[in-house]
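File shown: data.cif (mmCIF, C-alpha atoms and all ligand atoms).
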data_work
#
loop_
_atom_site.label_atom_id
_atom_site.label_comp_id
_atom_site.auth_asym_id
_atom_site.auth_seq_id
_atom_site.Cartn_x
_atom_site.Cartn_y
_atom_site.Cartn_z
CA MET A 1 75.95 143.32 160.78
CA ILE A 2 73.66 144.99 158.29
CA ARG A 3 71.09 142.78 156.55
CA GLN A 4 68.08 143.39 154.38
CA ILE A 5 64.67 143.64 156.16
CA LYS A 6 62.55 140.45 156.07
CA TYR A 7 58.78 140.14 156.43
CA ASP A 8 59.23 138.58 159.91
CA ASP A 9 60.73 141.86 161.12
CA TRP A 10 57.37 143.65 160.76
CA GLU A 11 56.41 143.60 164.46
CA LEU A 12 59.71 144.99 165.67
CA LEU A 13 59.72 147.71 163.05
CA LEU A 14 56.14 148.73 163.79
CA GLU A 15 56.95 149.03 167.50
CA TRP A 16 59.91 151.29 166.68
CA ARG A 17 57.99 153.35 164.12
CA ASN A 18 55.15 154.10 166.54
CA HIS A 19 57.41 154.97 169.47
CA PRO A 20 57.03 158.65 170.48
CA SER A 21 60.78 159.37 169.97
CA VAL A 22 60.58 158.11 166.40
CA ARG A 23 57.27 159.80 165.53
CA GLU A 24 58.57 163.09 166.88
CA ALA A 25 61.60 162.88 164.59
CA SER A 26 59.58 161.85 161.53
CA ILE A 27 58.01 164.13 158.95
CA SER A 28 54.73 162.20 159.26
CA THR A 29 54.03 161.84 162.98
CA SER A 30 50.81 159.76 162.75
CA ILE A 31 50.47 156.26 164.26
CA ILE A 32 50.77 153.51 161.63
CA ASP A 33 48.30 150.63 161.95
CA VAL A 34 49.19 146.94 161.72
CA LYS A 35 47.49 146.33 158.36
CA GLU A 36 49.13 149.29 156.62
CA HIS A 37 52.51 148.42 158.09
CA LYS A 38 52.36 144.70 157.18
CA SER A 39 51.49 145.61 153.62
CA TYR A 40 54.40 148.08 153.48
CA ILE A 41 56.91 145.44 154.73
CA LYS A 42 55.46 142.78 152.42
CA HIS A 43 55.96 144.98 149.35
CA LEU A 44 59.36 146.31 150.38
CA VAL A 45 61.23 143.50 148.63
CA ASP A 46 59.56 144.33 145.29
CA ARG A 47 60.51 148.01 145.34
CA ASP A 48 63.40 149.26 143.26
CA ASP A 49 63.26 152.81 144.65
CA ARG A 50 63.89 151.80 148.27
CA VAL A 51 66.06 149.39 150.27
CA GLN A 52 65.77 148.99 154.02
CA TYR A 53 68.34 147.27 156.23
CA LEU A 54 68.30 146.03 159.80
CA TYR A 55 71.35 146.73 161.93
CA VAL A 56 72.19 143.90 164.33
CA ILE A 57 75.05 144.30 166.74
CA ASP A 58 76.14 141.72 169.36
CA GLY A 59 72.88 139.86 168.63
CA ILE A 60 70.82 143.00 169.43
CA GLU A 61 68.44 144.39 166.80
CA ALA A 62 69.75 147.91 167.17
CA GLY A 63 68.08 149.86 164.38
CA TYR A 64 67.36 150.27 160.71
CA ILE A 65 68.68 152.37 157.86
CA ARG A 66 66.76 153.01 154.68
CA ALA A 67 67.94 154.24 151.28
CA ASP A 68 65.53 155.95 148.88
CA TYR A 69 66.68 156.47 145.32
CA ASN A 70 65.23 159.57 143.68
CA GLU A 71 66.04 162.41 141.27
CA ASP A 72 68.02 164.28 143.89
CA GLY A 73 70.26 161.29 144.68
CA THR A 74 69.96 158.77 147.50
CA GLU A 75 68.26 159.86 150.69
CA LEU A 76 69.04 157.97 153.89
CA SER A 77 66.78 157.75 156.92
CA TYR A 78 67.27 155.74 160.08
CA VAL A 79 65.92 154.76 163.45
CA ILE A 80 67.62 153.28 166.48
CA ASN A 81 65.63 150.84 168.62
CA PRO A 82 64.07 153.13 171.29
CA ARG A 83 65.49 150.86 174.03
CA GLN A 84 69.01 151.23 172.60
CA GLN A 85 69.19 154.96 171.85
CA GLY A 86 72.03 157.11 173.17
CA LYS A 87 74.54 154.21 173.30
CA GLY A 88 76.49 155.11 170.18
CA TYR A 89 74.67 152.63 167.92
CA GLY A 90 73.31 155.33 165.58
CA LYS A 91 76.79 156.68 164.86
CA ARG A 92 78.15 153.16 164.38
CA MET A 93 75.29 152.03 162.15
CA MET A 94 75.84 154.96 159.78
CA ALA A 95 79.61 154.40 159.73
CA GLU A 96 79.15 150.69 158.97
CA TYR A 97 76.58 151.41 156.27
CA LEU A 98 78.87 153.95 154.56
CA LYS A 99 81.78 151.51 154.73
CA ALA A 100 79.71 148.74 153.14
CA SER A 101 78.03 151.03 150.57
CA PRO A 102 80.29 154.03 149.97
CA GLY A 103 78.52 156.72 148.01
CA SER A 104 76.96 160.18 147.91
CA TYR A 105 73.91 160.55 150.13
CA TYR A 106 71.66 163.20 151.63
CA LEU A 107 69.52 163.44 154.77
CA HIS A 108 66.64 165.54 156.10
CA ILE A 109 66.80 166.14 159.86
CA LYS A 110 64.56 168.23 162.09
CA GLU A 111 66.48 171.13 163.61
CA SER A 112 65.58 169.94 167.13
CA ASN A 113 67.02 166.43 166.56
CA ILE A 114 70.46 167.04 168.06
CA ALA A 115 71.45 163.33 168.27
CA SER A 116 70.71 162.84 164.57
CA LEU A 117 72.57 166.02 163.57
CA LYS A 118 75.61 164.93 165.61
CA LEU A 119 75.50 161.43 164.12
CA ALA A 120 75.37 162.91 160.60
CA GLU A 121 78.19 165.38 161.15
CA ALA A 122 80.38 162.68 162.70
CA ASN A 123 79.91 160.71 159.47
CA GLY A 124 80.92 163.53 157.11
CA PHE A 125 77.54 165.07 156.24
CA ILE A 126 77.54 168.83 155.82
CA LEU A 127 74.74 171.41 155.71
CA GLU A 128 73.25 171.90 152.25
CA SER A 129 70.08 173.90 152.95
CA LYS A 130 67.38 174.65 155.51
CA LYS A 131 63.62 174.89 154.97
CA GLY A 132 61.49 175.69 158.01
CA ASP A 133 62.66 173.36 160.77
CA LEU A 134 64.05 170.81 158.31
CA ILE A 135 67.79 170.70 157.64
CA LYS A 136 69.19 169.03 154.55
CA LEU A 137 72.71 167.61 154.78
CA ARG A 138 74.76 165.95 152.10
CA ARG A 139 77.82 163.75 151.99
CA ASN A 140 79.84 163.21 148.83
CA MET A 141 82.20 160.31 148.22
CA THR A 142 85.69 160.92 149.57
CA ASP A 143 88.72 160.72 147.23
CA LEU A 144 89.69 157.34 148.72
CA GLU A 145 86.16 155.97 148.27
CA ILE A 146 86.22 157.05 144.61
CA ILE A 147 89.61 155.35 144.13
CA ASP A 148 88.28 152.16 145.81
CA ALA A 149 85.23 152.25 143.52
CA VAL A 150 87.46 152.65 140.43
CA GLU A 151 89.55 149.70 141.64
CA ALA A 152 86.43 147.55 142.09
CA ALA A 153 85.15 148.52 138.63
CA ARG A 154 88.55 147.75 137.09
CA LYS A 155 88.57 144.31 138.77
CA GLY A 156 85.11 143.62 137.38
CA ASN A 157 86.09 144.78 133.92
CA ASN A 158 89.25 142.69 133.98
CA THR A 159 87.06 139.60 134.40
CA ASN A 160 84.75 140.81 131.59
CA TRP A 161 87.75 141.41 129.33
CA MET A 162 89.17 137.92 130.01
CA ASP A 163 85.73 136.37 129.34
CA LEU A 164 85.77 138.12 125.96
CA VAL A 165 89.27 136.77 125.21
CA ARG A 166 88.13 133.22 126.14
CA LEU A 167 85.11 133.57 123.87
CA ALA A 168 87.22 134.79 120.95
CA PHE A 169 89.66 131.87 121.29
CA GLU A 170 86.86 129.33 121.71
CA VAL A 171 84.82 130.51 118.74
CA ALA A 172 87.47 131.64 116.23
CA PRO A 173 91.03 131.05 117.52
CA GLU A 174 92.67 131.48 114.08
CA ARG A 175 91.07 134.93 113.68
CA ALA A 176 91.57 135.93 117.33
CA ARG A 177 95.35 135.17 117.42
CA PRO A 178 96.58 137.86 114.94
CA ILE A 179 94.30 140.46 116.55
CA PHE A 180 95.81 139.67 119.93
CA ALA A 181 99.31 139.88 118.45
CA LYS A 182 98.40 143.42 117.25
CA ILE A 183 97.01 144.33 120.68
CA ASN A 184 100.22 143.08 122.26
CA ARG A 185 102.36 145.19 119.85
CA GLY A 186 100.13 148.19 120.70
CA ASP A 187 100.71 147.54 124.40
CA GLY A 188 104.47 147.47 123.68
CA GLU A 189 104.18 150.91 122.03
CA ILE A 190 102.24 152.26 125.01
CA SER A 191 104.89 150.90 127.35
CA LYS A 192 107.70 152.61 125.35
CA LEU A 193 105.78 155.92 125.36
CA LEU A 194 105.23 155.66 129.11
CA ASP A 195 108.97 155.04 129.54
CA LYS A 196 109.64 158.24 127.54
CA LEU A 197 107.18 160.11 129.73
CA ALA A 198 108.87 158.84 132.89
CA GLN A 199 112.30 159.98 131.64
CA ASN A 200 111.13 163.26 130.11
CA GLY A 201 112.39 165.37 133.05
C1 LIG A 301 68.64 159.97 166.18
C2 LIG A 301 69.12 158.56 166.47
C3 LIG A 301 69.17 157.78 165.16
C4 LIG A 301 70.54 158.67 167.05
O1 LIG A 301 71.05 157.39 167.31
P1 LIG A 301 71.61 157.06 168.77
O2 LIG A 301 72.18 155.71 168.75
O3 LIG A 301 70.54 157.33 169.76
O4 LIG A 301 72.75 158.17 168.91
P2 LIG A 301 74.26 157.95 169.31
O5 LIG A 301 74.29 157.29 170.66
O6 LIG A 301 75.00 157.32 168.21
O7 LIG A 301 74.74 159.44 169.53
C5 LIG A 301 75.07 160.31 168.47
C6 LIG A 301 75.49 161.65 169.06
O8 LIG A 301 74.33 162.29 169.62
C7 LIG A 301 74.49 162.50 171.01
N1 LIG A 301 73.20 162.21 171.61
C8 LIG A 301 72.62 160.99 171.75
N2 LIG A 301 71.41 161.14 172.29
C9 LIG A 301 71.23 162.46 172.47
C10 LIG A 301 70.18 163.25 173.00
N3 LIG A 301 69.05 162.69 173.42
N4 LIG A 301 70.33 164.59 173.03
C11 LIG A 301 71.47 165.17 172.59
N5 LIG A 301 72.52 164.47 172.07
C12 LIG A 301 72.38 163.14 172.03
C13 LIG A 301 75.57 161.53 171.45
O9 LIG A 301 76.24 162.00 172.60
C14 LIG A 301 76.45 161.52 170.23
O10 LIG A 301 77.21 162.71 170.22
P3 LIG A 301 78.80 162.72 170.04
O11 LIG A 301 79.03 162.48 168.58
O12 LIG A 301 79.18 164.09 170.47
O13 LIG A 301 79.32 161.62 170.88
C15 LIG A 301 68.22 157.82 167.48
O14 LIG A 301 68.21 158.48 168.72
C16 LIG A 301 66.79 157.64 166.99
O15 LIG A 301 66.49 156.66 166.33
N6 LIG A 301 65.92 158.61 167.29
C17 LIG A 301 64.52 158.54 166.87
C18 LIG A 301 64.37 158.50 165.35
C19 LIG A 301 65.21 159.53 164.63
O16 LIG A 301 65.45 160.62 165.14
N7 LIG A 301 65.68 159.18 163.43
C20 LIG A 301 66.45 160.06 162.62
C21 LIG A 301 65.56 160.94 161.81
S1 LIG A 301 66.51 162.12 160.89
#
Is it possible to express this structure as structure tokens?
Amino acid sequence: MIRQIKYDDWELLLEWRNHPSVREASISTSIIDVKEHKSYIKHLVDRDDRVQYLYVIDGIEAGYIRADYNEDGTELSYVINPRQQGKGYGKRMMAEYLKASPGSYYLHIKESNIASLKLAEANGFILESKKGDLIKLRRNMTDLEIIDAVEAARKGNNTNWMDLVRLAFEVAPERARPIFAKINRGDGEISKLLDKLAQNG
């Protein structure tokens, strides 16, 4: 299960953030103090440039994944609970996140972080560039994810369209009816043209 971070999670997250394995993998390796960290977690909910999720599996708080929205797209970063690393949770967390929020994302990973590079590659990220010891990988939406997104948008728009029809018939049914008759005739024309297209072989 992936859920949004709550204020009560601060202690757990601070412990993970200050663990040597996590600091070593981070761009900023300094120890974070309690006050600074509590303030960060407290203000997380108000931010519109960042969302951070906790990954809970079989009742175990296994890690977190964070999305930062910026000019270059959406950057993901993640940490697996230091006591749970190397058990496949990182790979699974990323796969579950991408399933729940399909999209185009990028990552920055230190060249020495083999587990993170493997996790990324297993989830479809490919090398984009390298600067010093930092590797940038990117993952674009797959064809099927794009089709699913179009389907979801169409479903949403179908509801919007029907709401508009309801409004028209509630407010001015006598004016709405002939317009809808015209739309229906237009649809008939489109249907005939599509028939022609289908038989145009
Ligand atoms: C990097 C991290 C997220 C990986 O998550 P994880 O749950 O430990 O990794 P997984 O068990 O899912 O393993 C992913 C792959 O790395 C391999 N792996 C795991 N630990 C490894 C290690 N210490 N050294 C080399 N490979 C390792 C696994 O065998 C697996 O490879 P496979 O795809 O060939 O099976 C986690 O170790 C972590 O939080 N590290 C500290 C913080 C960090 O590095 N964050 C990412 C910053 S970019």
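The interatomic distance for the pair atom CA of A:Asp72 and atom CA of A:Gly103 works out to 13.6 Å.
Atom CA of A:Gln85 lies 4.8 Å from atom O14 of ligand LIG 301 (chain A).
Of note, atom CA of A:Glu111 and atom CA of A:Arg139 are spaced 17.8 Å apart.
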Residues within 9 Å of ligand LIG 301 (chain A), counting only C-alpha atoms and all ligand atoms, as a PyMOL selection string: chain A and resi 16-17+19-27+62-64+76-82+84-94+107-110+113-122
Need the axis-aligned box for stretch 116-122 of chain A with 3 Å each side, so what are the centre and edges in Å to one decimal, as JSON?
{"center_x": 75.5, "center_y": 163.7, "center_z": 163.1, "size_x": 15.7, "size_y": 10.6, "size_z": 11.0}
Taking into account only C-alpha atoms, which residue in the set A:Ile135, A:Ile2, A:Ala181, A:Leu127 is nearest to A:Lys99? A:Ile2
Among listed residues A:Trp10, A:Arg66, A:Tyr55, A:Ser191, nearest A:Asp33 (using all atoms listed in the file):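 Closest to A:Asp33 of all the choices is A:Trp10.
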Could you list, as number ranges by chain, every residue within 12 Å of A:Ser104, counting all atoms listed in the file and ignoring same-chain residues fewer than 3 positions away? A: 67, 69, 72-76, 98, 101, 107, 123-126, 137-143, 145-146
Which one of A:Leu167, A:Lys6, A:Val51, A:Glu128 sits closest to A:Tyr106 if you count all atoms listed in the file? A:Glu128
